[in-house]
file coords_3.pdb (PDB, C-alpha atoms)
ATOM      1  CA  MET A   1      -0.599  10.265  -5.599
ATOM      2  CA  LEU A   2       0.085  13.019  -3.114
ATOM      3  CA  THR A   3      -1.336  16.413  -3.889
ATOM      4  CA  ARG A   4      -0.388  19.748  -2.434
ATOM      5  CA  ALA A   5      -2.939  20.990   0.037
ATOM      6  CA  ARG A   6      -4.271  24.498  -0.210
ATOM      7  CA  ARG A   7      -4.135  24.946   3.558
ATOM      8  CA  THR A   8      -0.697  25.000   5.158
ATOM      9  CA  GLU A   9       0.593  24.513   8.687
ATOM     10  CA  ALA A  10       3.711  25.993  10.251
ATOM     11  CA  THR A  11       6.631  23.680  11.039
ATOM     12  CA  LEU A  12      10.037  24.498  12.487
ATOM     13  CA  VAL A  13      12.949  22.923  10.614
ATOM     14  CA  ARG A  14      16.486  23.037  11.986
ATOM     15  CA  LEU A  15      19.144  22.907   9.288
ATOM     16  CA  PRO A  16      22.907  22.479   9.438
ATOM     17  CA  PRO A  17      24.636  25.844   8.868
ATOM     18  CA  ALA A  18      25.895  24.777   5.426
ATOM     19  CA  TYR A  19      22.354  23.886   4.289
ATOM     20  CA  GLN A  20      21.016  27.170   5.653
ATOM     21  CA  ALA A  21      23.714  29.171   3.876
ATOM     22  CA  ALA A  22      23.119  27.347   0.583
ATOM     23  CA  LEU A  23      19.358  27.800   0.874
ATOM     24  CA  ASP A  24      19.766  31.516   1.696
ATOM     25  CA  TYR A  25      22.064  32.001  -1.288
ATOM     26  CA  LEU A  26      19.796  30.083  -3.676
ATOM     27  CA  SER A  27      16.751  31.991  -2.470
ATOM     28  CA  ARG A  28      18.441  35.366  -2.970
ATOM     29  CA  ARG A  29      19.779  34.410  -6.418
ATOM     30  CA  THR A  30      16.481  33.039  -7.713
ATOM     31  CA  ARG A  31      14.033  35.214  -5.730
ATOM     32  CA  VAL A  32      12.165  32.038  -4.729
ATOM     33  CA  ARG A  33      11.209  31.766  -1.069
ATOM     34  CA  LYS A  34      13.098  29.276   1.057
ATOM     35  CA  SER A  35       9.806  27.779   2.191
ATOM     36  CA  GLU A  36       8.934  26.975  -1.426
ATOM     37  CA  TYR A  37      12.206  25.078  -1.894
ATOM     38  CA  ILE A  38      11.576  23.141   1.327
ATOM     39  CA  ARG A  39       7.984  22.311   0.296
ATOM     40  CA  GLU A  40       9.187  21.136  -3.121
ATOM     41  CA  ALA A  41      11.889  18.916  -1.598
ATOM     42  CA  LEU A  42       9.442  17.414   0.898
ATOM     43  CA  HIS A  43       6.867  16.817  -1.828
ATOM     44  CA  ASP A  44       9.475  14.965  -3.922
ATOM     45  CA  LEU A  45      10.562  12.874  -0.915
ATOM     46  CA  LEU A  46       6.992  11.898  -0.042
ATOM     47  CA  GLU A  47       6.210  10.970  -3.647
ATOM     48  CA  ARG A  48       9.314   8.753  -3.857
ATOM     49  CA  ASN A  49       8.282   6.985  -0.648
ATOM     50  CA  GLU A  50       4.537   6.950  -1.245
ATOM     51  CA  HIS A  51       4.536   3.139  -1.229
ATOM     52  CA  LEU A  52       5.528   3.287   2.462
ATOM     53  CA  LEU A  53       2.644   5.534   3.459
ATOM     54  CA  VAL A  54      -0.510   3.975   4.873
ATOM     55  CA  GLY A  55      -3.890   5.590   4.184
ATOM     56  CA  GLU A  56      -4.092   9.349   3.844
ATOM     57  CA  PRO A  57      -1.041  11.629   4.154
ATOM     58  CA  GLY A  58      -2.190  12.699   7.654
ATOM     59  CA  ASP A  59      -2.303   9.031   8.738
ATOM     60  CA  ALA A  60       1.169   8.129   7.478
ATOM     61  CA  GLY A  61       2.706   5.110   9.122
ATOM     62  CA  PRO A  62       3.195   4.204  12.756
ATOM     63  CA  SER A  63       4.459   6.871  15.150
TER
END
call {"tool": "encode", "arguments": {"input": "coords_3.pdb", "output": "structure tokens"}}
result
Amino acid sequence: MLTRARRTEATLVRLPPAYQAALDYLSRRTRVRKSEYIREALHDLLERNEHLLVGEPGDAGPS
């Protein structure tokens, strides 16, 4: 099972304008940071596809 690391690293994510607008709106309405929504979505995606990962999360699959 994947666990959330305490240490984080910066990553640039380019979003379509509609996604950015929806994320901005949701963040303002809920007072939850956009980065938290992105981390949560990525965590869910990685958990759903955990069977495809090889070894540790940092060693995931072929490049």
call {"tool": "atom_distance", "arguments": {"input": "coords_3.pdb", "atom1": "atom CA of Ala18 of chain A", "atom2": "atom CA of Asn49 of chain A"}}
result
25.8 Å
call {"tool": "atom_distance", "arguments": {"input": "coords_3.pdb", "atom1": "atom CA of Ile38 of chain A", "atom2": "atom CA of Val13 of chain A"}}
result
9.4 Å
call {"tool": "atom_distance", "arguments": {"input": "coords_3.pdb", "atom1": "atom CA of Arg48 of chain A", "atom2": "atom CA of Leu26 of chain A"}}
result
23.8 Å
call {"tool": "resolve_selection", "arguments": {"input": "coords_3.pdb", "expression": "the PyMOL selection byres ((chain A and resi 34) around 12)", "output": "number ranges by chain"}}
result
A: 13, 19-33, 35-41
call {"tool": "write_last_selection", "arguments": {"input": "coords_3.pdb", "atoms": "C-alpha atoms", "output": "PDB file, keeping the file's coordinate frame"}}
result
ATOM      1  CA  VAL A  13      12.949  22.923  10.614  1.00  0.00           C
ATOM      2  CA  TYR A  19      22.354  23.886   4.289  1.00  0.00           C
ATOM      3  CA  GLN A  20      21.016  27.170   5.653  1.00  0.00           C
ATOM      4  CA  ALA A  21      23.714  29.171   3.876  1.00  0.00           C
ATOM      5  CA  ALA A  22      23.119  27.347   0.583  1.00  0.00           C
ATOM      6  CA  LEU A  23      19.358  27.800   0.874  1.00  0.00           C
ATOM      7  CA  ASP A  24      19.766  31.516   1.696  1.00  0.00           C
ATOM      8  CA  TYR A  25      22.064  32.001  -1.288  1.00  0.00           C
ATOM      9  CA  LEU A  26      19.796  30.083  -3.676  1.00  0.00           C
ATOM     10  CA  SER A  27      16.751  31.991  -2.470  1.00  0.00           C
ATOM     11  CA  ARG A  28      18.441  35.366  -2.970  1.00  0.00           C
ATOM     12  CA  ARG A  29      19.779  34.410  -6.418  1.00  0.00           C
ATOM     13  CA  THR A  30      16.481  33.039  -7.713  1.00  0.00           C
ATOM     14  CA  ARG A  31      14.033  35.214  -5.730  1.00  0.00           C
ATOM     15  CA  VAL A  32      12.165  32.038  -4.729  1.00  0.00           C
ATOM     16  CA  ARG A  33      11.209  31.766  -1.069  1.00  0.00           C
ATOM     17  CA  SER A  35       9.806  27.779   2.191  1.00  0.00           C
ATOM     18  CA  GLU A  36       8.934  26.975  -1.426  1.00  0.00           C
ATOM     19  CA  TYR A  37      12.206  25.078  -1.894  1.00  0.00           C
ATOM     20  CA  ILE A  38      11.576  23.141   1.327  1.00  0.00           C
ATOM     21  CA  ARG A  39       7.984  22.311   0.296  1.00  0.00           C
ATOM     22  CA  GLU A  40       9.187  21.136  -3.121  1.00  0.00           C
ATOM     23  CA  ALA A  41      11.889  18.916  -1.598  1.00  0.00           C
TER      24      ALA A  41
END
call {"tool": "build_atoms", "arguments": {"input": "coords_3.pdb", "residues": "segment 8-30 of chain A", "atoms": "N, CA and C atoms", "output": "PDB file, in the frame of the given file"}}
result
ATOM      1  N   THR A   8      -2.034  25.355   4.695  1.00  0.00           N
ATOM      2  CA  THR A   8      -0.697  25.000   5.158  1.00  0.00           C
ATOM      3  C   THR A   8      -0.625  25.118   6.674  1.00  0.00           C
ATOM      4  N   GLU A   9       0.339  24.450   7.256  1.00  0.00           N
ATOM      5  CA  GLU A   9       0.593  24.513   8.687  1.00  0.00           C
ATOM      6  C   GLU A   9       2.059  24.850   8.892  1.00  0.00           C
ATOM      7  N   ALA A  10       2.339  25.598   9.945  1.00  0.00           N
ATOM      8  CA  ALA A  10       3.711  25.993  10.251  1.00  0.00           C
ATOM      9  C   ALA A  10       4.471  24.830  10.872  1.00  0.00           C
ATOM     10  N   THR A  11       5.737  24.694  10.488  1.00  0.00           N
ATOM     11  CA  THR A  11       6.631  23.680  11.039  1.00  0.00           C
ATOM     12  C   THR A  11       8.016  24.294  11.171  1.00  0.00           C
ATOM     13  N   LEU A  12       8.677  24.020  12.273  1.00  0.00           N
ATOM     14  CA  LEU A  12      10.037  24.498  12.487  1.00  0.00           C
ATOM     15  C   LEU A  12      11.007  23.441  11.979  1.00  0.00           C
ATOM     16  N   VAL A  13      11.950  23.846  11.150  1.00  0.00           N
ATOM     17  CA  VAL A  13      12.949  22.923  10.614  1.00  0.00           C
ATOM     18  C   VAL A  13      14.323  23.462  10.979  1.00  0.00           C
ATOM     19  N   ARG A  14      15.115  22.649  11.646  1.00  0.00           N
ATOM     20  CA  ARG A  14      16.486  23.037  11.986  1.00  0.00           C
ATOM     21  C   ARG A  14      17.419  22.451  10.928  1.00  0.00           C
ATOM     22  N   LEU A  15      18.237  23.324  10.356  1.00  0.00           N
ATOM     23  CA  LEU A  15      19.144  22.907   9.288  1.00  0.00           C
ATOM     24  C   LEU A  15      20.590  23.089   9.718  1.00  0.00           C
ATOM     25  N   PRO A  16      21.481  22.243   9.218  1.00  0.00           N
ATOM     26  CA  PRO A  16      22.907  22.479   9.438  1.00  0.00           C
ATOM     27  C   PRO A  16      23.280  23.828   8.810  1.00  0.00           C
ATOM     28  N   PRO A  17      24.255  24.526   9.394  1.00  0.00           N
ATOM     29  CA  PRO A  17      24.636  25.844   8.868  1.00  0.00           C
ATOM     30  C   PRO A  17      24.940  25.855   7.367  1.00  0.00           C
ATOM     31  N   ALA A  18      25.570  24.813   6.860  1.00  0.00           N
ATOM     32  CA  ALA A  18      25.895  24.777   5.426  1.00  0.00           C
ATOM     33  C   ALA A  18      24.630  24.718   4.578  1.00  0.00           C
ATOM     34  N   TYR A  19      23.619  23.954   5.020  1.00  0.00           N
ATOM     35  CA  TYR A  19      22.354  23.886   4.289  1.00  0.00           C
ATOM     36  C   TYR A  19      21.654  25.239   4.327  1.00  0.00           C
ATOM     37  N   GLN A  20      21.670  25.868   5.503  1.00  0.00           N
ATOM     38  CA  GLN A  20      21.016  27.170   5.653  1.00  0.00           C
ATOM     39  C   GLN A  20      21.674  28.204   4.743  1.00  0.00           C
ATOM     40  N   ALA A  21      22.995  28.216   4.721  1.00  0.00           N
ATOM     41  CA  ALA A  21      23.714  29.171   3.876  1.00  0.00           C
ATOM     42  C   ALA A  21      23.411  28.926   2.398  1.00  0.00           C
ATOM     43  N   ALA A  22      23.409  27.668   1.982  1.00  0.00           N
ATOM     44  CA  ALA A  22      23.119  27.347   0.583  1.00  0.00           C
ATOM     45  C   ALA A  22      21.692  27.730   0.223  1.00  0.00           C
ATOM     46  N   LEU A  23      20.757  27.456   1.116  1.00  0.00           N
ATOM     47  CA  LEU A  23      19.358  27.800   0.874  1.00  0.00           C
ATOM     48  C   LEU A  23      19.168  29.313   0.815  1.00  0.00           C
ATOM     49  N   ASP A  24      19.827  30.047   1.718  1.00  0.00           N
ATOM     50  CA  ASP A  24      19.766  31.516   1.696  1.00  0.00           C
ATOM     51  C   ASP A  24      20.291  32.055   0.368  1.00  0.00           C
ATOM     52  N   TYR A  25      21.445  31.543  -0.045  1.00  0.00           N
ATOM     53  CA  TYR A  25      22.064  32.001  -1.288  1.00  0.00           C
ATOM     54  C   TYR A  25      21.168  31.706  -2.489  1.00  0.00           C
ATOM     55  N   LEU A  26      20.665  30.475  -2.569  1.00  0.00           N
ATOM     56  CA  LEU A  26      19.796  30.083  -3.676  1.00  0.00           C
ATOM     57  C   LEU A  26      18.537  30.943  -3.713  1.00  0.00           C
ATOM     58  N   SER A  27      17.966  31.186  -2.556  1.00  0.00           N
ATOM     59  CA  SER A  27      16.751  31.991  -2.470  1.00  0.00           C
ATOM     60  C   SER A  27      16.999  33.425  -2.950  1.00  0.00           C
ATOM     61  N   ARG A  28      18.117  34.001  -2.524  1.00  0.00           N
ATOM     62  CA  ARG A  28      18.441  35.366  -2.970  1.00  0.00           C
ATOM     63  C   ARG A  28      18.696  35.413  -4.473  1.00  0.00           C
ATOM     64  N   ARG A  29      19.430  34.429  -4.993  1.00  0.00           N
ATOM     65  CA  ARG A  29      19.779  34.410  -6.418  1.00  0.00           C
ATOM     66  C   ARG A  29      18.568  34.210  -7.317  1.00  0.00           C
ATOM     67  N   THR A  30      17.619  33.397  -6.868  1.00  0.00           N
ATOM     68  CA  THR A  30      16.481  33.039  -7.713  1.00  0.00           C
ATOM     69  C   THR A  30      15.205  33.794  -7.368  1.00  0.00           C
TER      70      THR A  30
END
